[in-house]
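Participant: Take a look at this one; I'll ask things after.
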Amino acid sequence: MVDASPDAATVLMTDLGVLCGCIALSKLLDPVRAVDRAIFGGLTAILIVAYTAWRLFDTIPGFEFGFGAIWQRFYFVFEAIAILYTLMSIVILLRHTDHSATADVAEAEIDAANSWPPVDVFICTYNEPVDVLEKSVLLSRALDYPDVRIWVLDDTRRPWLREYCNELGVNYLTRSSNEWAKAGNLNNGLRLTAGPRAAPLLLVLDADFAPHSNLLKRTVGLFRDPKIAVVQTPQLYFNADPIQHNLMASKAWIDDQRIFFDVFQPAKDAWGAAFCVGTTFLVRRDRLNEIGGFPHEAVSEDINLTYTMMSHGYVTRWLNERLSVGLAAEGLPEYITQRARWCLGTIQVALLRNGPFRGANFTMVQRLHYLHGVLNWLCKPFIVLMLLAPAVYWFFGIPAFEADYVDFLGHAVPALLAFYAYSGWVSRRRTLPIFMEVTHMVTAVAVTWTLITCLYRPFGRPFKVTDKGGDRSRTIVRWDMLRIFGGLCAVSVGAIIWALIGPNAPTEATPVDILNLVWAGISSLLAGVACIVCFEKPRLHREELFQTDHVGQLRTETGLLLPCSVHRLSTVDASLSLAQEHRDLTIGTAVDLVLDGLQTVGGHVSFSRGRDLLVSLSLPEAQRRDMVVALYRSPNDNLPLQADMGKALAGLLRRSIGRD
């Protein structure tokens, strides 16, 4: 072990002071107040800028042509991109909006005048099974709104779906081809619903999103401002994404989109740069007709819609309320495909002749906000480079930057501490170290490859739909991804072994060696966690169970009524606790569940342990559809809204040692 020098001890004390200061700021300041955001964000930015100056002037040696000089500058370019993105984020987050009060006033006035504008609901579907699609259709039928028509836009021409729509009394539309993918499907619906009965507003839903009953009444009033062309609401999910699920952190870790929807979009709205995200948004039909329909030049028709509207002087309004719930990508391939498509679409819109960089009629603020979105994706290659950097040092003798661990402690650690503290504070505990890094790592390689292919072929690739539904009842090993992250982990571990016992292992570790040894250890740890994600845990329940607080009774075959509390419920299962244990309720026992305020539901016991039971339900179709509406028509805290580091680490530890 190398003794820390007095200089190192002094630097550590400084770092400890920075940490204490950040903790104090997070306790004393309120992220709702603009002044407080400016104070905490400004101090964080100062430390980041100081770190950047150190990197630029003290850690990059003079250029001498060779791999080492090229590698160090290549690394710094992508690090600088990540730094620029972070600094822009701090500036953007100086502001935020909340339009709920405006929505309250508008809803009350329209209700008093009984002047609700007609709305056409467009449900876009490609290949989703009925158990996914039905939630969107049934909940659209249950919207608390006086004048609404529902249109299912089927882009796979399925006869069974036409019959299903006829049965439910909703409209069915299809077309002969899939030209322009989702945008083409929407434009086909726009064209076929035109005419005297055409509603002035359209609600667009993806097939896996269920609107809450009050969605339309909360949103339509915002269109009284004529400059608003789109009203967008956040996406929330009723199931854990594959990273939350596979790390056993679904009750403690927030999905990666929460900070975007809950924090960044309200901030972008304050700058006039919030954008459409593809589902659960309303758009004015006349504004669509004015711009020639839904834009189809990029695979991300949503952000393209917003920026096309911007060029005509219209904006997207962000209403940050929980007004729908959807199905998150359930498997890793679907999760990664989705992110890679978003990356591709963002780059495509950036390259359009009439896009935010090359087009006319955009303000500098709007262009800078789009640059911020592009930088988000350009940060991903930096993650790959960070994982590889210590191995490059130990195998080739080339550090990513010329510095030792004391310098790193003095310049990088204060900036990192401030960044993590500020992120957790401004996001209101929606970020967690390790878990956030792993989330970005999982998609980094695929996004990096997408960016590379954009260099020579940004357009002309098919639209890849995110698959939903399917069998998730067994463990699946994602070998292609496991090879990538296993390889990255092996390289880092190999670098550590090489450094310690290799033929050129130093007899005494230098400060630069120590920095790169610790770096290699962190890289191997993160890559190892990413490897765990590649082992997809089965999803044990046929449908996601919703948390409930129903009080009910369990009726046995003999007519005995047993008081119970239902903790979680779906259309196929009920998890409940009896007031007292009954040993006669063994697996397979037929029972009726009498729920407070709901109809009696038949079923049988499928799990029994003490007072806790799982009852498999057998509902007639009409009753099952009523249950779907009852479960999805209002917000449900099925997933956490804030992160908990202790619980997240506990879940990760259990998964690591195989205690699923």
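So you can find residues: chains in the structure tokens are A, B, ... in the order shown, residues in each start at 1, and ligands are numbered from 1 in order.
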Stretch 143-255 of chain A: which residues are strand (DSSP E) by DSSP, as a ChimeraX atom specification?
Facilitator: /A:148-154,171-174,201-206,209-211,228-232
Participant: Can you spit out the residues from that selection as a PDB file, in the first residue's frame, using N, CA and C atoms?
Facilitator:
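Output (again08.pdb):
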```
ATOM      1  N   VAL A 148     -66.319  12.684 -28.230  1.00  0.00           N
ATOM      2  CA  VAL A 148     -65.083  12.046 -28.644  1.00  0.00           C
ATOM      3  C   VAL A 148     -65.391  10.889 -29.581  1.00  0.00           C
ATOM      4  N   ARG A 149     -64.579  10.757 -30.625  1.00  0.00           N
ATOM      5  CA  ARG A 149     -64.648   9.607 -31.534  1.00  0.00           C
ATOM      6  C   ARG A 149     -63.299   8.897 -31.519  1.00  0.00           C
ATOM      7  N   ILE A 150     -63.335   7.583 -31.548  1.00  0.00           N
ATOM      8  CA  ILE A 150     -62.112   6.785 -31.439  1.00  0.00           C
ATOM      9  C   ILE A 150     -61.844   6.105 -32.773  1.00  0.00           C
ATOM     10  N   TRP A 151     -60.582   6.215 -33.211  1.00  0.00           N
ATOM     11  CA  TRP A 151     -60.149   5.624 -34.480  1.00  0.00           C
ATOM     12  C   TRP A 151     -58.917   4.757 -34.208  1.00  0.00           C
ATOM     13  N   VAL A 152     -59.029   3.467 -34.492  1.00  0.00           N
ATOM     14  CA  VAL A 152     -57.882   2.565 -34.396  1.00  0.00           C
ATOM     15  C   VAL A 152     -57.220   2.526 -35.765  1.00  0.00           C
ATOM     16  N   LEU A 153     -55.966   2.980 -35.836  1.00  0.00           N
ATOM     17  CA  LEU A 153     -55.229   3.057 -37.094  1.00  0.00           C
ATOM     18  C   LEU A 153     -54.310   1.847 -37.185  1.00  0.00           C
ATOM     19  N   ASP A 154     -54.762   0.836 -37.900  1.00  0.00           N
ATOM     20  CA  ASP A 154     -54.059  -0.453 -37.961  1.00  0.00           C
ATOM     21  C   ASP A 154     -53.136  -0.478 -39.165  1.00  0.00           C
ATOM     22  N   ASN A 171     -64.089   3.038 -34.351  1.00  0.00           N
ATOM     23  CA  ASN A 171     -63.796   3.077 -35.784  1.00  0.00           C
ATOM     24  C   ASN A 171     -62.462   2.410 -36.093  1.00  0.00           C
ATOM     25  N   TYR A 172     -62.426   1.748 -37.235  1.00  0.00           N
ATOM     26  CA  TYR A 172     -61.222   1.034 -37.661  1.00  0.00           C
ATOM     27  C   TYR A 172     -60.779   1.583 -39.012  1.00  0.00           C
ATOM     28  N   LEU A 173     -59.487   1.926 -39.116  1.00  0.00           N
ATOM     29  CA  LEU A 173     -58.926   2.415 -40.372  1.00  0.00           C
ATOM     30  C   LEU A 173     -57.624   1.676 -40.653  1.00  0.00           C
ATOM     31  N   THR A 174     -57.380   1.423 -41.921  1.00  0.00           N
ATOM     32  CA  THR A 174     -56.113   0.823 -42.322  1.00  0.00           C
ATOM     33  C   THR A 174     -55.731   1.379 -43.691  1.00  0.00           C
ATOM     34  N   LEU A 201     -59.515  18.886 -32.702  1.00  0.00           N
ATOM     35  CA  LEU A 201     -58.375  18.412 -31.926  1.00  0.00           C
ATOM     36  C   LEU A 201     -58.212  16.907 -32.100  1.00  0.00           C
ATOM     37  N   LEU A 202     -56.964  16.465 -32.139  1.00  0.00           N
ATOM     38  CA  LEU A 202     -56.647  15.043 -32.216  1.00  0.00           C
ATOM     39  C   LEU A 202     -55.862  14.639 -30.973  1.00  0.00           C
ATOM     40  N   LEU A 203     -56.252  13.524 -30.369  1.00  0.00           N
ATOM     41  CA  LEU A 203     -55.470  12.894 -29.312  1.00  0.00           C
ATOM     42  C   LEU A 203     -54.773  11.686 -29.930  1.00  0.00           C
ATOM     43  N   VAL A 204     -53.441  11.664 -29.873  1.00  0.00           N
ATOM     44  CA  VAL A 204     -52.662  10.577 -30.461  1.00  0.00           C
ATOM     45  C   VAL A 204     -52.141   9.678 -29.345  1.00  0.00           C
ATOM     46  N   LEU A 205     -52.450   8.387 -29.468  1.00  0.00           N
ATOM     47  CA  LEU A 205     -52.015   7.391 -28.493  1.00  0.00           C
ATOM     48  C   LEU A 205     -51.270   6.267 -29.192  1.00  0.00           C
ATOM     49  N   ASP A 206     -50.163   5.835 -28.617  1.00  0.00           N
ATOM     50  CA  ASP A 206     -49.579   4.570 -29.037  1.00  0.00           C
ATOM     51  C   ASP A 206     -50.446   3.443 -28.503  1.00  0.00           C
ATOM     52  N   PHE A 209     -50.561   2.590 -24.652  1.00  0.00           N
ATOM     53  CA  PHE A 209     -50.803   3.631 -23.650  1.00  0.00           C
ATOM     54  C   PHE A 209     -52.286   3.769 -23.366  1.00  0.00           C
ATOM     55  N   ALA A 210     -52.611   3.777 -22.074  1.00  0.00           N
ATOM     56  CA  ALA A 210     -53.995   3.893 -21.618  1.00  0.00           C
ATOM     57  C   ALA A 210     -54.219   5.291 -21.054  1.00  0.00           C
ATOM     58  N   PRO A 211     -55.127   6.069 -21.634  1.00  0.00           N
ATOM     59  CA  PRO A 211     -55.387   7.406 -21.086  1.00  0.00           C
ATOM     60  C   PRO A 211     -56.211   7.323 -19.818  1.00  0.00           C
ATOM     61  N   ILE A 228     -50.403  27.787 -29.365  1.00  0.00           N
ATOM     62  CA  ILE A 228     -50.139  26.408 -28.955  1.00  0.00           C
ATOM     63  C   ILE A 228     -50.726  25.451 -29.995  1.00  0.00           C
ATOM     64  N   ALA A 229     -49.867  24.669 -30.612  1.00  0.00           N
ATOM     65  CA  ALA A 229     -50.304  23.699 -31.607  1.00  0.00           C
ATOM     66  C   ALA A 229     -50.367  22.291 -31.050  1.00  0.00           C
ATOM     67  N   VAL A 230     -49.541  22.007 -30.045  1.00  0.00           N
ATOM     68  CA  VAL A 230     -49.452  20.669 -29.463  1.00  0.00           C
ATOM     69  C   VAL A 230     -49.459  20.804 -27.942  1.00  0.00           C
ATOM     70  N   VAL A 231     -50.206  19.938 -27.279  1.00  0.00           N
ATOM     71  CA  VAL A 231     -50.126  19.807 -25.818  1.00  0.00           C
ATOM     72  C   VAL A 231     -49.644  18.395 -25.519  1.00  0.00           C
ATOM     73  N   GLN A 232     -48.509  18.322 -24.873  1.00  0.00           N
ATOM     74  CA  GLN A 232     -47.890  17.031 -24.582  1.00  0.00           C
ATOM     75  C   GLN A 232     -47.933  16.755 -23.089  1.00  0.00           C
TER      76      GLN A 232
END
```
Participant: With only C-alpha atoms as the counted atoms, please give the residues lying no more than 8 Å from A:Leu93, apart from itself and same-chain residues fewer than 6 positions off, as a list of chain:residue names.
Facilitator: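 So the residues in contact are A:Arg37, A:Val263, A:Phe264, A:Ala267, A:Lys268.
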Participant: If you keep N, CA and C atoms, can you produce a file of those selected residues as a PDB file, in the first residue's frame?
Facilitator:
```pdb
ATOM      1  N   ARG A  37     -31.911  27.448  -7.715  1.00  0.00           N
ATOM      2  CA  ARG A  37     -31.354  26.701  -8.850  1.00  0.00           C
ATOM      3  C   ARG A  37     -30.106  27.391  -9.382  1.00  0.00           C
ATOM      4  N   VAL A 263     -38.382  16.666 -15.191  1.00  0.00           N
ATOM      5  CA  VAL A 263     -37.470  17.770 -14.892  1.00  0.00           C
ATOM      6  C   VAL A 263     -37.112  18.572 -16.146  1.00  0.00           C
ATOM      7  N   PHE A 264     -36.643  17.884 -17.188  1.00  0.00           N
ATOM      8  CA  PHE A 264     -36.175  18.624 -18.360  1.00  0.00           C
ATOM      9  C   PHE A 264     -37.303  19.204 -19.203  1.00  0.00           C
ATOM     10  N   ALA A 267     -38.615  22.368 -17.828  1.00  0.00           N
ATOM     11  CA  ALA A 267     -37.614  23.415 -18.023  1.00  0.00           C
ATOM     12  C   ALA A 267     -37.587  23.881 -19.477  1.00  0.00           C
ATOM     13  N   LYS A 268     -37.624  22.941 -20.398  1.00  0.00           N
ATOM     14  CA  LYS A 268     -37.636  23.311 -21.816  1.00  0.00           C
ATOM     15  C   LYS A 268     -38.910  24.087 -22.165  1.00  0.00           C
TER      16      LYS A 268
END
```
Participant: Grab the atom CA of A:Asp286 to atom CA of A:Trp271 distance for me, in Å with one decimal place.
Facilitator: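 Computing the Euclidean distance for atom CA of A:Asp286 and atom CA of A:Trp271 yields 24.7 Å.
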Participant: Can you list, as a PyMOL selection string, every protein, DNA or RNA residue that comes within 9 Å of A:Ser634 when you count only C-alpha atoms, leaving out same-chain residues fewer than 5 positions away?
Facilitator: chain A and resi 211-214+322-325
Participant: One decimal, Å: what's the distance from atom CA of A:Phe40 over to atom CA of A:Phe435, could you say?
Facilitator: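 These atoms are spaced 23.2 Å apart.
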Participant: Step one, run DSSP on the backbone; step two, keep only residues of stretch 154-239 of chain A assigned to helix (DSSP H, G or I); then write them as number ranges by chain.
Facilitator: A: 159-168, 181-192, 215-224
Participant: Next, dump the selected residues to file, keeping only N, CA and C atoms, as a compact mmCIF listing (two decimals), in the first residue's frame.
Facilitator:
```txt
# COMPACT_ATOMS: atom_id res chain seq x y z
N PRO A 159 -57.63 -8.66 -39.88
CA PRO A 159 -59.10 -8.82 -39.86
C PRO A 159 -59.66 -8.96 -38.46
N TRP A 160 -58.93 -9.67 -37.58
CA TRP A 160 -59.45 -9.84 -36.22
C TRP A 160 -59.57 -8.52 -35.50
N LEU A 161 -58.69 -7.57 -35.81
CA LEU A 161 -58.75 -6.27 -35.15
C LEU A 161 -59.94 -5.46 -35.65
N ARG A 162 -60.25 -5.61 -36.94
CA ARG A 162 -61.45 -4.94 -37.47
C ARG A 162 -62.71 -5.44 -36.75
N GLU A 163 -62.78 -6.77 -36.55
CA GLU A 163 -63.93 -7.34 -35.85
C GLU A 163 -63.96 -6.89 -34.40
N TYR A 164 -62.80 -6.81 -33.76
CA TYR A 164 -62.72 -6.36 -32.37
C TYR A 164 -63.24 -4.92 -32.25
N CYS A 165 -62.84 -4.06 -33.17
CA CYS A 165 -63.29 -2.66 -33.14
C CYS A 165 -64.80 -2.57 -33.37
N ASN A 166 -65.30 -3.39 -34.28
CA ASN A 166 -66.76 -3.40 -34.51
C ASN A 166 -67.50 -3.83 -33.25
N GLU A 167 -66.96 -4.81 -32.56
CA GLU A 167 -67.59 -5.30 -31.33
C GLU A 167 -67.67 -4.20 -30.27
N LEU A 168 -66.60 -3.40 -30.18
CA LEU A 168 -66.53 -2.36 -29.15
C LEU A 168 -67.15 -1.04 -29.60
N ALA A 181 -44.18 4.81 -42.35
CA ALA A 181 -44.34 4.23 -41.01
C ALA A 181 -45.42 4.94 -40.20
N LYS A 182 -45.12 5.31 -38.96
CA LYS A 182 -46.13 5.87 -38.07
C LYS A 182 -46.67 7.19 -38.60
N ALA A 183 -45.81 8.05 -39.13
CA ALA A 183 -46.27 9.33 -39.68
C ALA A 183 -47.24 9.10 -40.83
N GLY A 184 -46.94 8.12 -41.67
CA GLY A 184 -47.84 7.81 -42.78
C GLY A 184 -49.17 7.28 -42.29
N ASN A 185 -49.13 6.46 -41.24
CA ASN A 185 -50.36 5.93 -40.66
C ASN A 185 -51.22 7.07 -40.10
N LEU A 186 -50.59 8.00 -39.39
CA LEU A 186 -51.31 9.14 -38.84
C LEU A 186 -51.89 10.02 -39.95
N ASN A 187 -51.13 10.23 -41.00
CA ASN A 187 -51.63 11.06 -42.09
C ASN A 187 -52.78 10.39 -42.83
N ASN A 188 -52.75 9.07 -42.89
CA ASN A 188 -53.88 8.36 -43.48
C ASN A 188 -55.13 8.58 -42.63
N GLY A 189 -54.98 8.51 -41.31
CA GLY A 189 -56.10 8.79 -40.42
C GLY A 189 -56.57 10.23 -40.54
N LEU A 190 -55.62 11.16 -40.65
CA LEU A 190 -55.96 12.58 -40.80
C LEU A 190 -56.79 12.81 -42.06
N ARG A 191 -56.40 12.13 -43.14
CA ARG A 191 -57.10 12.30 -44.42
C ARG A 191 -58.49 11.67 -44.39
N LEU A 192 -58.59 10.46 -43.83
CA LEU A 192 -59.87 9.75 -43.86
C LEU A 192 -60.88 10.29 -42.86
N LEU A 215 -58.03 12.92 -18.93
CA LEU A 215 -56.97 13.45 -19.79
C LEU A 215 -57.47 14.60 -20.67
N LEU A 216 -58.57 14.42 -21.36
CA LEU A 216 -59.03 15.45 -22.30
C LEU A 216 -59.48 16.71 -21.58
N LYS A 217 -60.18 16.56 -20.49
CA LYS A 217 -60.65 17.76 -19.78
C LYS A 217 -59.50 18.57 -19.20
N ARG A 218 -58.38 17.91 -18.91
CA ARG A 218 -57.23 18.63 -18.38
C ARG A 218 -56.42 19.33 -19.47
N THR A 219 -56.56 18.93 -20.71
CA THR A 219 -55.66 19.42 -21.76
C THR A 219 -56.30 20.35 -22.78
N VAL A 220 -57.57 20.12 -23.13
CA VAL A 220 -58.13 20.85 -24.28
C VAL A 220 -58.17 22.36 -24.03
N GLY A 221 -58.33 22.77 -22.77
CA GLY A 221 -58.42 24.20 -22.47
C GLY A 221 -57.16 24.97 -22.78
N LEU A 222 -56.02 24.30 -22.80
CA LEU A 222 -54.76 24.98 -23.08
C LEU A 222 -54.69 25.49 -24.52
N PHE A 223 -55.52 24.93 -25.40
CA PHE A 223 -55.51 25.37 -26.80
C PHE A 223 -56.21 26.71 -27.00
N ARG A 224 -56.71 27.28 -25.95
CA ARG A 224 -57.29 28.62 -26.08
C ARG A 224 -56.22 29.65 -26.43
```
Participant: Write out as a ChimeraX atom specification the residues lying within 9 Å of A:Leu617, counting only C-alpha atoms and excluding same-chain residues fewer than 4 positions away.
Facilitator: /A:570-574,592-593,601-605
Participant: Please write the residues from the selection above to a file, keeping C-alpha atoms, as a compact mmCIF listing (two decimals), in the first residue's frame.
Facilitator:
```
# COMPACT_ATOMS: atom_id res chain seq x y z
CA SER A 570 -54.73 -7.38 -12.02
CA THR A 571 -57.32 -8.86 -14.32
CA VAL A 572 -55.83 -12.32 -13.76
CA ASP A 573 -54.42 -12.33 -10.21
CA ALA A 574 -55.11 -10.88 -6.76
CA ASP A 592 -64.90 -16.14 -4.83
CA LEU A 593 -63.35 -12.75 -4.16
CA VAL A 601 -64.81 -12.38 -8.93
CA GLY A 602 -64.35 -16.14 -9.17
CA GLY A 603 -61.03 -17.94 -9.05
CA HIS A 604 -58.79 -20.41 -7.24
CA VAL A 605 -55.85 -20.23 -4.84
```
Participant: Env of stretch 543-546 of chain A: 7 Å cut, atoms = only C-alpha atoms, seq-sep filter 2 positions within chain, self excluded. Answer as a PyMOL selection string.
Facilitator: chain A and resi 239+541+548+568-570+572+638
Participant: For stretch 416-469 of chain A against stretch 486-494 of chain A, with a cut-off of 12 Å and counting only C-alpha atoms, what is the closest atom pair and its distance in Å to one decimal for every residue that makes the cut, ordered by chain and number, as a Markdown table?
Facilitator:
```
| residue | atom | partner | partner_atom | distance |
| --- | --- | --- | --- | --- |
| A:Met441 | CA | A:Leu488 | CA | 11.0 |
| A:Val442 | CA | A:Leu488 | CA | 11.9 |
| A:Val445 | CA | A:Leu488 | CA | 11.1 |
```
Participant: What would the file look like if the residues just selected were written as a tab-separated table (two decimals), in the first residue's frame with C-alpha atoms?
Facilitator:
```tsv
chain	number	residue	atom	x	y	z
A	441	MET	CA	-23.91	1.94	-20.53
A	442	VAL	CA	-26.50	-0.58	-21.64
A	445	VAL	CA	-22.63	0.66	-27.64
```
Participant: Would you mind telling me which residue in A:Gly521, A:Pro381, A:Pro117, A:Pro399 lies nearest to A:Val77 when using only C-alpha atoms?
Facilitator: A:Pro381
Participant: Residues at most 12 Å from stretch 497-503 of chain A, counting only C-alpha atoms, excluding those fewer than 3 positions away in the same chain, as a list in words?
Facilitator: Pro390, Ala391, Val392, Tyr393, Trp394, Phe395, Phe396, Gly397, Ala490, Val491, Ser492, Val493, Gly494, Pro506, Thr507, Glu508, Ala509, Thr510, Val512, Asp513, Ile514, Asn516, Leu517, Val518, Ala520, Gly521 and Ser524 of chain A
Participant: Neighbours of stretch 297-306 of chain A within 10 Å (only C-alpha atoms; same-chain residues fewer than 3 positions away dropped), as number ranges by chain?
Facilitator: A: 180-184, 229-230, 273-279, 281, 283, 288, 291, 293-294, 309-311, 314-317, 341-352, 355-356, 370, 458-464
Participant: Could those selected residues go to a file with N, CA and C atoms, as a short mmCIF file (atom, residue, chain, number, x, y, z; two decimals), in the first residue's frame?
Facilitator:
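And here is the file that came out, part35.cif:
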```cif
data_model
loop_
_atom_site.label_atom_id
_atom_site.label_comp_id
_atom_site.auth_asym_id
_atom_site.auth_seq_id
_atom_site.Cartn_x
_atom_site.Cartn_y
_atom_site.Cartn_z
N TRP A 180 -43.88 5.54 -44.97
CA TRP A 180 -43.61 6.56 -43.96
C TRP A 180 -43.99 6.12 -42.55
N ALA A 181 -44.18 4.81 -42.35
CA ALA A 181 -44.34 4.23 -41.01
C ALA A 181 -45.42 4.94 -40.20
N LYS A 182 -45.12 5.31 -38.96
CA LYS A 182 -46.13 5.87 -38.07
C LYS A 182 -46.67 7.19 -38.60
N ALA A 183 -45.81 8.05 -39.13
CA ALA A 183 -46.27 9.33 -39.68
C ALA A 183 -47.24 9.10 -40.83
N GLY A 184 -46.94 8.12 -41.67
CA GLY A 184 -47.84 7.81 -42.78
C GLY A 184 -49.17 7.28 -42.29
N ALA A 229 -49.87 24.67 -30.61
CA ALA A 229 -50.30 23.70 -31.61
C ALA A 229 -50.37 22.29 -31.05
N VAL A 230 -49.54 22.01 -30.05
CA VAL A 230 -49.45 20.67 -29.46
C VAL A 230 -49.46 20.80 -27.94
N ALA A 273 -39.32 25.53 -25.65
CA ALA A 273 -38.68 24.50 -26.48
C ALA A 273 -39.05 23.08 -26.04
N ALA A 274 -40.16 22.91 -25.31
CA ALA A 274 -40.63 21.54 -25.03
C ALA A 274 -41.02 20.89 -26.35
N PHE A 275 -40.96 19.57 -26.40
CA PHE A 275 -41.28 18.92 -27.68
C PHE A 275 -42.14 17.68 -27.49
N CYS A 276 -42.79 17.32 -28.56
CA CYS A 276 -43.68 16.17 -28.61
C CYS A 276 -42.88 14.88 -28.45
N VAL A 277 -43.44 13.90 -27.73
CA VAL A 277 -42.73 12.65 -27.49
C VAL A 277 -43.50 11.43 -28.02
N GLY A 278 -44.43 11.66 -28.93
CA GLY A 278 -44.97 10.56 -29.73
C GLY A 278 -46.26 9.93 -29.28
N THR A 279 -46.63 10.05 -28.02
CA THR A 279 -47.88 9.47 -27.56
C THR A 279 -48.47 10.32 -26.45
N PHE A 281 -50.46 12.89 -26.68
CA PHE A 281 -50.42 14.32 -26.96
C PHE A 281 -51.63 14.70 -27.80
N VAL A 283 -53.09 17.59 -30.67
CA VAL A 283 -52.61 18.50 -31.70
C VAL A 283 -53.81 19.09 -32.43
N LEU A 288 -52.08 21.21 -38.19
CA LEU A 288 -51.53 20.10 -38.97
C LEU A 288 -51.75 20.31 -40.46
N ILE A 291 -49.27 22.79 -41.95
CA ILE A 291 -47.90 22.36 -42.22
C ILE A 291 -47.84 21.15 -43.15
N GLY A 293 -49.63 18.14 -42.72
CA GLY A 293 -49.79 16.86 -42.03
C GLY A 293 -48.60 16.54 -41.15
N PHE A 294 -48.62 15.33 -40.59
CA PHE A 294 -47.52 14.91 -39.73
C PHE A 294 -46.24 14.75 -40.57
N MET A 309 -43.69 22.76 -36.42
CA MET A 309 -44.62 23.75 -35.87
C MET A 309 -43.87 25.01 -35.43
N MET A 310 -42.71 24.85 -34.82
CA MET A 310 -41.92 26.01 -34.40
C MET A 310 -41.60 26.92 -35.58
N SER A 311 -41.24 26.32 -36.70
CA SER A 311 -40.87 27.13 -37.86
C SER A 311 -42.05 27.92 -38.40
N TYR A 314 -45.51 28.26 -33.96
CA TYR A 314 -46.32 27.59 -32.95
C TYR A 314 -45.42 26.83 -31.97
N VAL A 315 -45.96 26.53 -30.80
CA VAL A 315 -45.16 25.86 -29.78
C VAL A 315 -45.88 24.62 -29.27
N THR A 316 -45.10 23.79 -28.58
CA THR A 316 -45.63 22.63 -27.87
C THR A 316 -45.70 22.98 -26.39
N ARG A 317 -46.86 22.81 -25.81
CA ARG A 317 -47.04 23.09 -24.38
C ARG A 317 -46.93 21.79 -23.59
N ARG A 341 -33.43 4.05 -32.07
CA ARG A 341 -34.34 4.74 -33.00
C ARG A 341 -34.48 6.21 -32.62
N TRP A 342 -34.57 6.49 -31.32
CA TRP A 342 -34.66 7.89 -30.90
C TRP A 342 -33.40 8.66 -31.30
N CYS A 343 -32.25 8.02 -31.14
CA CYS A 343 -30.99 8.65 -31.54
C CYS A 343 -30.99 8.94 -33.04
N LEU A 344 -31.34 7.93 -33.83
CA LEU A 344 -31.37 8.10 -35.28
C LEU A 344 -32.32 9.21 -35.69
N GLY A 345 -33.50 9.23 -35.09
CA GLY A 345 -34.48 10.25 -35.44
C GLY A 345 -34.00 11.65 -35.10
N THR A 346 -33.33 11.79 -33.95
CA THR A 346 -32.80 13.10 -33.55
C THR A 346 -31.77 13.59 -34.55
N ILE A 347 -30.87 12.71 -34.98
CA ILE A 347 -29.85 13.09 -35.95
C ILE A 347 -30.49 13.41 -37.30
N GLN A 348 -31.46 12.63 -37.71
CA GLN A 348 -32.13 12.88 -38.99
C GLN A 348 -32.78 14.26 -39.02
N VAL A 349 -33.52 14.60 -37.97
CA VAL A 349 -34.17 15.92 -37.92
C VAL A 349 -33.12 17.03 -37.96
N ALA A 350 -31.99 16.81 -37.28
CA ALA A 350 -30.92 17.81 -37.29
C ALA A 350 -30.38 18.05 -38.69
N LEU A 351 -30.43 17.03 -39.55
CA LEU A 351 -29.86 17.14 -40.89
C LEU A 351 -30.85 17.63 -41.94
N LEU A 352 -32.12 17.73 -41.58
CA LEU A 352 -33.12 18.14 -42.56
C LEU A 352 -32.88 19.56 -43.05
N GLY A 355 -34.87 21.71 -41.03
CA GLY A 355 -34.76 21.38 -39.62
C GLY A 355 -34.22 22.52 -38.79
N PRO A 356 -34.02 22.28 -37.50
CA PRO A 356 -33.64 23.36 -36.58
C PRO A 356 -32.25 23.94 -36.82
N TYR A 370 -32.14 22.31 -29.46
CA TYR A 370 -32.00 21.10 -30.28
C TYR A 370 -30.57 20.57 -30.22
N PRO A 458 -27.46 8.37 -42.99
CA PRO A 458 -28.40 8.81 -41.96
C PRO A 458 -29.86 8.56 -42.32
N PHE A 459 -30.17 8.40 -43.60
CA PHE A 459 -31.56 8.21 -44.02
C PHE A 459 -31.70 6.89 -44.77
N GLY A 460 -32.96 6.50 -44.96
CA GLY A 460 -33.23 5.32 -45.78
C GLY A 460 -33.33 4.02 -45.04
N ARG A 461 -33.22 4.04 -43.71
CA ARG A 461 -33.33 2.80 -42.94
C ARG A 461 -34.77 2.61 -42.47
N PRO A 462 -35.22 1.37 -42.35
CA PRO A 462 -36.62 1.12 -41.97
C PRO A 462 -36.90 1.52 -40.54
N PHE A 463 -38.15 1.87 -40.29
CA PHE A 463 -38.64 2.20 -38.95
C PHE A 463 -38.76 0.91 -38.15
N LYS A 464 -38.07 0.82 -37.01
CA LYS A 464 -38.12 -0.39 -36.18
C LYS A 464 -39.08 -0.17 -35.02
#
```
Participant: Have a look at atom CA of A:Pro129 and atom CA of A:Gly326 and let me know their distance in Å, one decimal.
Facilitator: 14.5 Å
Participant: When you count only C-alpha atoms, which of these residues is closest to A:Asp626: A:Glu134, A:Asp208, A:Glu79, A:Asp98?
Facilitator: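 Ranking A:Glu134, A:Asp208, A:Glu79, A:Asp98 by distance to A:Asp626, first place goes to A:Glu134.
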Participant: Pick from A:Ala82, A:Ala240, A:Leu12, A:Ala38: nearest to A:Gly373, with only C-alpha atoms counted?
Facilitator: A:Ala82
Participant: Which of these, A:Ala412, A:Leu585, A:Arg158, A:Glu330, has the shortest distance to A:Val49 once you count only C-alpha atoms?
Facilitator: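 Closest to A:Val49 of all the choices is A:Ala412.
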Participant: Looking at A:Ala199, A:Lys135, A:Arg555, A:Phe65, which one is nearest to A:Trp116, with distances taken over only C-alpha atoms?
Facilitator: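 That would be A:Ala199, the residue with the smallest distance to A:Trp116.
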